[in-house]
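The file upload_39.txt comes next; it holds compact mmCIF, C-alpha atoms and all ligand atoms.
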```txt
# COMPACT_ATOMS: atom_id res chain seq x y z
CA MET A 266 88.38 63.57 102.30
CA THR A 267 85.54 61.88 104.27
CA THR A 268 81.87 62.71 103.81
CA GLY A 269 81.76 64.29 107.26
CA VAL A 270 84.70 66.60 106.59
CA ARG A 271 83.27 67.63 103.23
CA ALA A 272 79.82 68.28 104.72
CA ARG A 273 81.23 70.31 107.63
CA LEU A 274 83.48 72.38 105.35
CA GLU A 275 80.24 73.44 103.66
CA ARG A 276 78.93 74.56 107.06
CA ILE A 277 81.91 76.89 107.66
CA GLY A 278 82.17 78.02 104.03
CA THR A 279 80.20 78.11 100.79
CA GLY A 280 81.22 76.27 97.65
CA GLY A 281 84.85 76.02 98.68
CA ARG A 282 85.18 79.69 99.61
CA TYR A 283 85.25 81.03 103.15
CA VAL A 284 84.37 84.21 105.04
CA ILE A 285 85.31 83.23 108.58
CA VAL A 286 85.26 85.81 111.40
CA PRO A 287 87.58 84.66 114.19
CA MET A 288 86.92 86.12 117.62
CA ASP A 289 89.39 84.06 119.68
CA HIS A 290 91.28 87.23 120.53
CA GLY A 291 89.62 87.42 123.94
CA ILE A 292 92.32 85.11 125.29
CA THR A 293 95.16 86.86 123.45
CA LEU A 294 94.17 90.50 123.96
CA GLY A 295 91.21 90.52 126.39
CA ALA A 296 87.70 91.89 125.82
CA ILE A 297 88.80 94.34 123.11
CA THR A 298 86.37 96.50 121.16
CA GLY A 299 83.82 94.30 119.43
CA LEU A 300 84.24 91.40 121.84
CA GLU A 301 82.63 92.92 124.95
CA ARG A 302 79.10 92.12 123.75
CA ILE A 303 80.18 89.31 121.48
CA GLU A 304 76.60 88.12 120.96
CA ARG A 305 75.74 91.34 119.14
CA THR A 306 78.91 91.18 117.05
CA ILE A 307 78.23 87.57 116.05
CA ASP A 308 74.68 88.51 115.04
CA ALA A 309 75.98 91.47 113.01
CA VAL A 310 78.73 89.66 111.08
CA THR A 311 76.54 86.63 110.32
CA SER A 312 73.70 88.96 109.26
CA GLY A 313 76.30 90.44 106.92
CA GLY A 314 76.86 87.03 105.37
CA ALA A 315 79.84 85.55 107.23
CA ASP A 316 80.00 81.81 106.60
CA SER A 317 81.23 81.03 110.12
CA VAL A 318 82.54 82.43 113.38
CA LEU A 319 85.39 81.13 115.55
CA THR A 320 85.90 81.36 119.33
CA GLN A 321 87.56 79.60 122.21
CA LYS A 322 85.41 76.84 123.82
CA GLY A 323 84.36 78.96 126.82
CA ILE A 324 82.41 81.37 124.60
CA ALA A 325 80.30 78.66 122.93
CA GLU A 326 77.22 79.41 125.06
CA ARG A 327 77.33 83.02 123.82
CA VAL A 328 77.62 81.94 120.17
CA HIS A 329 74.65 79.66 119.67
CA GLY A 330 71.40 81.47 119.03
CA ASN A 331 73.23 84.39 117.42
CA THR A 332 74.77 82.83 114.29
CA ASN A 333 71.84 83.20 111.88
CA GLY A 334 72.60 79.70 110.64
CA ALA A 335 76.34 80.28 110.10
CA GLY A 336 78.91 77.63 111.04
CA TYR A 337 80.95 77.51 114.24
CA ILE A 338 84.66 76.75 114.76
CA VAL A 339 86.26 76.14 118.17
CA HIS A 340 89.87 77.24 118.55
CA LEU A 341 92.08 74.78 120.44
CA ASN A 342 95.16 76.74 121.53
CA GLY A 343 96.08 80.20 122.74
CA SER A 344 98.38 82.56 124.61
CA THR A 345 98.28 86.14 125.87
CA VAL A 346 100.21 89.27 125.01
CA SER A 347 100.96 89.73 128.72
CA GLY A 348 102.56 86.32 129.20
CA PRO A 349 106.25 85.44 128.73
CA ASP A 350 105.93 84.76 124.98
CA THR A 351 102.80 85.34 122.84
CA ASN A 352 104.17 82.87 120.30
CA ASP A 353 103.98 80.09 122.90
CA LYS A 354 100.46 78.85 122.06
CA ARG A 355 99.29 76.19 124.51
CA ILE A 356 96.45 73.70 124.05
CA THR A 357 93.16 75.11 125.41
CA GLY A 358 90.69 72.42 124.38
CA THR A 359 90.10 69.06 122.74
CA VAL A 360 88.24 67.86 119.67
CA LYS A 361 85.64 66.14 121.87
CA ALA A 362 85.15 69.30 123.94
CA ALA A 363 84.61 71.23 120.70
CA ILE A 364 82.02 68.70 119.49
CA ARG A 365 80.22 68.91 122.87
CA ARG A 366 79.99 72.66 122.32
CA GLY A 367 78.43 72.36 118.88
CA ALA A 368 81.51 72.95 116.72
CA ASP A 369 81.43 72.23 112.98
CA ALA A 370 85.24 72.43 112.84
CA VAL A 371 88.28 73.11 115.01
CA SER A 372 91.29 75.38 114.54
CA MET A 373 94.81 75.64 115.90
CA HIS A 374 97.42 78.37 115.67
CA ILE A 375 101.05 77.47 114.88
CA ASN A 376 103.95 79.92 114.74
CA VAL A 377 106.42 78.54 112.19
CA GLY A 378 109.87 79.85 113.07
CA SER A 379 109.17 80.43 116.75
CA ASP A 380 111.01 78.81 119.64
CA HIS A 381 107.80 76.86 120.31
CA GLU A 382 107.35 75.45 116.81
CA PRO A 383 108.41 71.85 117.69
CA LYS A 384 105.68 71.50 120.34
CA GLN A 385 103.10 73.16 118.10
CA ILE A 386 103.98 70.73 115.29
CA GLU A 387 103.27 67.86 117.68
CA ASP A 388 100.04 69.50 118.87
CA LEU A 389 98.72 70.11 115.34
CA ALA A 390 99.58 66.56 114.25
CA GLU A 391 97.68 65.19 117.26
CA ILE A 392 94.66 67.43 116.66
CA THR A 393 94.33 66.51 112.97
CA GLU A 394 94.54 62.83 113.90
CA ARG A 395 91.81 63.20 116.54
CA ALA A 396 89.59 65.41 114.39
CA ALA A 397 89.76 62.89 111.53
CA GLU A 398 88.28 60.23 113.85
CA PHE A 399 85.14 62.38 114.11
CA GLY A 400 85.06 63.72 110.52
CA LEU A 401 85.73 67.24 111.81
CA PRO A 402 87.69 69.67 109.56
CA VAL A 403 90.79 71.40 110.93
CA LEU A 404 91.68 75.01 110.12
CA ALA A 405 95.42 75.43 110.73
CA MET A 406 96.36 79.06 111.42
CA THR A 407 99.92 78.75 110.12
CA TYR A 408 101.79 82.00 110.76
CA ALA A 409 105.42 82.79 109.95
CA ARG A 410 106.33 84.19 113.38
CA GLY A 411 109.48 84.05 115.46
CA PRO A 412 112.90 85.63 116.08
CA GLY A 413 114.16 87.18 112.84
CA VAL A 414 111.15 85.94 110.85
CA ASP A 415 109.59 88.33 108.32
CA GLU A 416 105.87 87.73 108.91
CA HIS A 417 105.01 88.71 105.33
CA ASP A 418 107.85 86.98 103.48
CA ALA A 419 106.35 84.80 100.72
CA ASP A 420 108.91 82.02 101.18
CA ALA A 421 108.17 81.82 104.91
CA LEU A 422 104.39 81.99 104.36
CA ALA A 423 104.60 79.30 101.64
CA HIS A 424 106.51 77.06 104.05
CA ALA A 425 103.94 77.71 106.80
CA VAL A 426 100.91 76.76 104.70
CA ARG A 427 102.65 73.65 103.33
CA LEU A 428 103.44 72.59 106.90
CA GLY A 429 99.70 72.80 107.67
CA GLU A 430 98.94 70.45 104.77
CA GLU A 431 101.76 68.05 105.70
CA LEU A 432 100.32 67.79 109.24
CA GLY A 433 96.82 66.90 108.00
CA ALA A 434 94.87 70.17 108.11
CA ASP A 435 91.89 70.66 105.76
CA LEU A 436 92.16 74.45 105.44
CA VAL A 437 95.05 76.81 106.18
CA LYS A 438 95.18 80.45 107.17
CA THR A 439 98.16 82.77 107.02
CA ALA A 440 99.00 86.45 106.66
CA TYR A 441 98.77 88.15 103.27
CA SER A 442 102.19 88.77 101.71
CA GLY A 443 101.10 92.20 100.45
CA ASP A 444 100.72 91.65 96.69
CA PRO A 445 99.10 89.05 94.41
CA ASN A 446 102.33 88.04 92.65
CA SER A 447 104.17 87.02 95.81
CA PHE A 448 101.03 85.50 97.36
CA GLU A 449 100.64 83.20 94.35
CA GLN A 450 103.80 81.47 95.61
CA VAL A 451 101.93 80.83 98.88
CA THR A 452 98.74 79.39 97.34
CA ASP A 453 100.86 77.31 94.94
CA ALA A 454 102.69 75.74 97.90
CA THR A 455 99.64 73.72 99.02
CA SER A 456 96.65 71.91 97.55
CA LEU A 457 94.53 73.11 100.51
CA PRO A 458 92.23 76.15 100.47
CA VAL A 459 94.22 79.14 101.77
CA VAL A 460 92.48 81.96 103.65
CA ILE A 461 94.11 85.17 104.84
CA ALA A 462 94.13 86.86 108.23
CA GLY A 463 93.26 90.53 108.40
CA GLY A 464 95.93 91.58 110.87
CA LYS A 465 95.75 94.95 112.58
CA PRO A 466 92.85 96.93 111.02
CA GLU A 467 93.71 99.33 108.18
CA SER A 468 91.40 101.48 106.02
CA ASP A 469 88.39 99.67 104.56
CA TYR A 470 89.82 100.10 101.07
CA GLU A 471 93.26 98.70 102.02
CA SER A 472 91.65 95.72 103.76
CA LEU A 473 89.42 94.91 100.79
CA GLN A 474 92.28 95.42 98.36
CA ALA A 475 94.21 92.80 100.32
CA VAL A 476 91.26 90.40 100.05
CA ARG A 477 90.96 91.10 96.31
CA GLY A 478 94.69 90.56 95.81
CA ALA A 479 94.67 87.30 97.76
CA MET A 480 91.66 86.00 95.79
CA ASP A 481 93.36 86.97 92.51
CA ALA A 482 96.36 84.94 93.72
CA GLY A 483 94.25 81.82 94.27
CA ALA A 484 93.13 82.22 97.88
CA ALA A 485 89.83 80.70 99.01
CA GLY A 486 88.75 83.52 101.32
CA VAL A 487 89.48 85.04 104.69
CA SER A 488 89.70 84.36 108.39
CA MET A 489 89.51 88.06 109.21
CA GLY A 490 88.97 89.13 112.81
CA ARG A 491 89.77 92.64 114.04
CA THR A 492 89.22 94.28 110.65
CA VAL A 493 85.63 93.04 110.83
CA PHE A 494 84.60 92.83 114.48
CA GLN A 495 86.23 96.16 115.42
CA HIS A 496 84.68 98.03 112.50
CA ASP A 497 82.14 100.79 113.20
CA ASP A 498 79.66 98.74 111.15
CA PRO A 499 80.63 95.03 111.33
CA GLU A 500 77.63 94.00 109.24
CA ALA A 501 78.50 96.38 106.41
CA ILE A 502 82.20 95.48 106.24
CA THR A 503 81.26 91.80 106.30
CA ARG A 504 78.93 92.38 103.33
CA ALA A 505 81.80 94.02 101.47
CA VAL A 506 84.19 91.14 102.23
CA VAL A 507 81.53 88.62 101.13
CA ASP A 508 81.12 90.56 97.87
CA VAL A 509 84.84 90.22 97.12
CA VAL A 510 85.19 86.58 98.23
CA HIS A 511 81.94 85.06 96.98
CA GLU A 512 80.86 87.46 94.21
CA ASP A 513 84.33 88.31 92.82
CA ARG A 514 83.65 92.04 92.98
CA THR A 515 86.37 94.71 93.16
CA ALA A 516 87.16 96.44 96.43
CA GLU A 517 85.64 99.67 95.12
CA LYS A 518 82.37 98.04 94.03
CA ALA A 519 82.09 96.04 97.23
CA LEU A 520 82.54 99.14 99.39
CA GLN A 521 79.99 101.07 97.34
CA ARG A 522 77.39 98.27 97.56
CA ALA A 523 77.93 98.02 101.33
CA GLY A 524 77.40 101.78 101.74
CA LEU A 525 81.02 102.31 102.82
CA THR A 526 83.39 104.90 101.41
CA ILE A 527 86.89 104.45 100.03
CA GLU A 528 88.17 107.17 102.35
CA ALA A 529 87.05 105.41 105.56
C1 LIG B 1 96.35 89.03 117.84
C2 LIG B 1 97.05 88.52 116.66
O1 LIG B 1 98.18 88.82 116.36
C3 LIG B 1 96.32 87.53 115.86
O2 LIG B 1 96.96 87.18 114.65
C4 LIG B 1 96.27 86.33 116.73
O3 LIG B 1 97.58 85.76 116.78
C5 LIG B 1 95.31 85.33 116.22
C6 LIG B 1 95.49 84.05 116.91
N1 LIG B 1 94.54 83.04 116.57
C7 LIG B 1 95.48 84.19 118.41
O4 LIG B 1 95.08 85.22 118.94
O5 LIG B 1 95.89 83.22 119.03
O1 LIG B 2 92.35 83.97 115.03
C1 LIG B 2 92.63 85.05 114.49
C2 LIG B 2 92.72 85.16 113.06
O2 LIG B 2 92.42 84.20 112.38
C3 LIG B 2 93.16 86.43 112.46
O3 LIG B 2 92.77 87.50 113.27
P1 LIG B 2 93.05 88.98 112.73
O4 LIG B 2 92.43 89.87 113.80
O5 LIG B 2 92.37 89.13 111.38
O6 LIG B 2 94.52 89.15 112.62
```
Would you mind writing the file out in structure tokens?
Amino acid sequence: MTTGVRARLERIGTGGRYVIVPMDHGITLGAITGLERIERTIDAVTSGGADSVLTQKGIAERVHGNTNGAGYIVHLNGSTVSGPDTNDKRITGTVKAAIRRGADAVSMHINVGSDHEPKQIEDLAEITERAAEFGLPVLAMTYARGPGVDEHDADALAHAVRLGEELGADLVKTAYSGDPNSFEQVTDATSLPVVIAGGKPESDYESLQAVRGAMDAGAAGVSMGRTVFQHDDPEAITRAVVDVVHEDRTAEKALQRAGLTIEA
């Protein structure tokens, strides 16, 4: 790992653990709750201790000045839910464009098992090659998604994260399998730090239990979007997630310290 990659990983995480709040959903789902006034949301989640935020390149101007010193990741592909196939992620930016917009790292989404996997394999391989030239870390969002694919199957998730490593990523994100035992198979499948997505928001307790379970299974943190930025109190839920990821607290203790209730 080069000095630049190591230094920039410390800008988007802390000590090898990561609380990343991705807000690239504006291309996928539109200006959904929490993304309309994204500046305020970015200020709230970074005030709550998020290590970094993640957007598409076009939002960069609305990021800087609101991050409270947190890191910034530019996402390099996307699709929409209204297009012909949401799994068909197309390139939306370049490594140089990300650097011009003040990125500390770049990310790319790949749907392992989809009809579009071959092209996304090529795209990720090209992005990791280019990013390495500039010492920029790559977060590969490696989902198990496609016809007949169980998005939470540990075998499929383990394959997805290993694919991210094989293609040169520095950090991989995938869905949580649902329990620590099966997710250990996923973290064991790669030498890279593995972070989990939040998926569709659930109760605060269920979300934090998932984070706790993933950490107990060897995960390095989260890249948790809607659960955080659509919360009634994004700063508070971020504090709770940080408590679990960086302070190793239980879901119950983290909720209590953040002033949130288990029932919420
Ligand atoms: C909206 C979702 O299902 C998320 O998991 C997205 O797929 C996240 C992804 N980076 C995207 O929106 O492209
Ligand atoms: O880019 C999106 C993610 O990394 C995960 O988003 P989610 O809203 O937590 O599923």
With distances taken over only C-alpha atoms, which residue among A:Thr267, A:Thr503, A:Thr351, A:Thr526 lies nearest Glu398 of chain A? A:Thr267
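Note that the spacing between atom P1 of ligand LIG 2 (chain B) and atom CA of Val426 of chain A amounts to 16.6 Å.
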Step by step, measure atom-to-atom distances between ligand LIG 2 (chain B) and each residue using only C-alpha atoms and all ligand atoms, keep those at most 6 Å, then write them as a PyMOL selection string. chain A and resi 287+289+462-465+488-491
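Here the question is which of A:Asn376, A:Ser312, A:Thr298, A:Asn333 gets nearest to ligand LIG 1 (chain B) using only C-alpha atoms and all ligand atoms, and that residue is A:Asn376.
Using all atoms listed in the file, the contacts of Ala409 of chain A at a cut-off of 6 Å, with sequence neighbours closer than 6 positions omitted, comprise Asn376, Val377, Glu416, Ala421 and Leu422 of chain A.
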Give the padded box for ligand LIG 1 (chain B) as AutoDock Vina command-line options: axis-aligned, covering all atoms listed in the file, 4 Å on each side, centre and edge lengths in Å to one decimal.
```
--center_x 96.4 --center_y 86.0 --center_z 116.8 --size_x 11.6 --size_y 14.0 --size_z 12.4
```
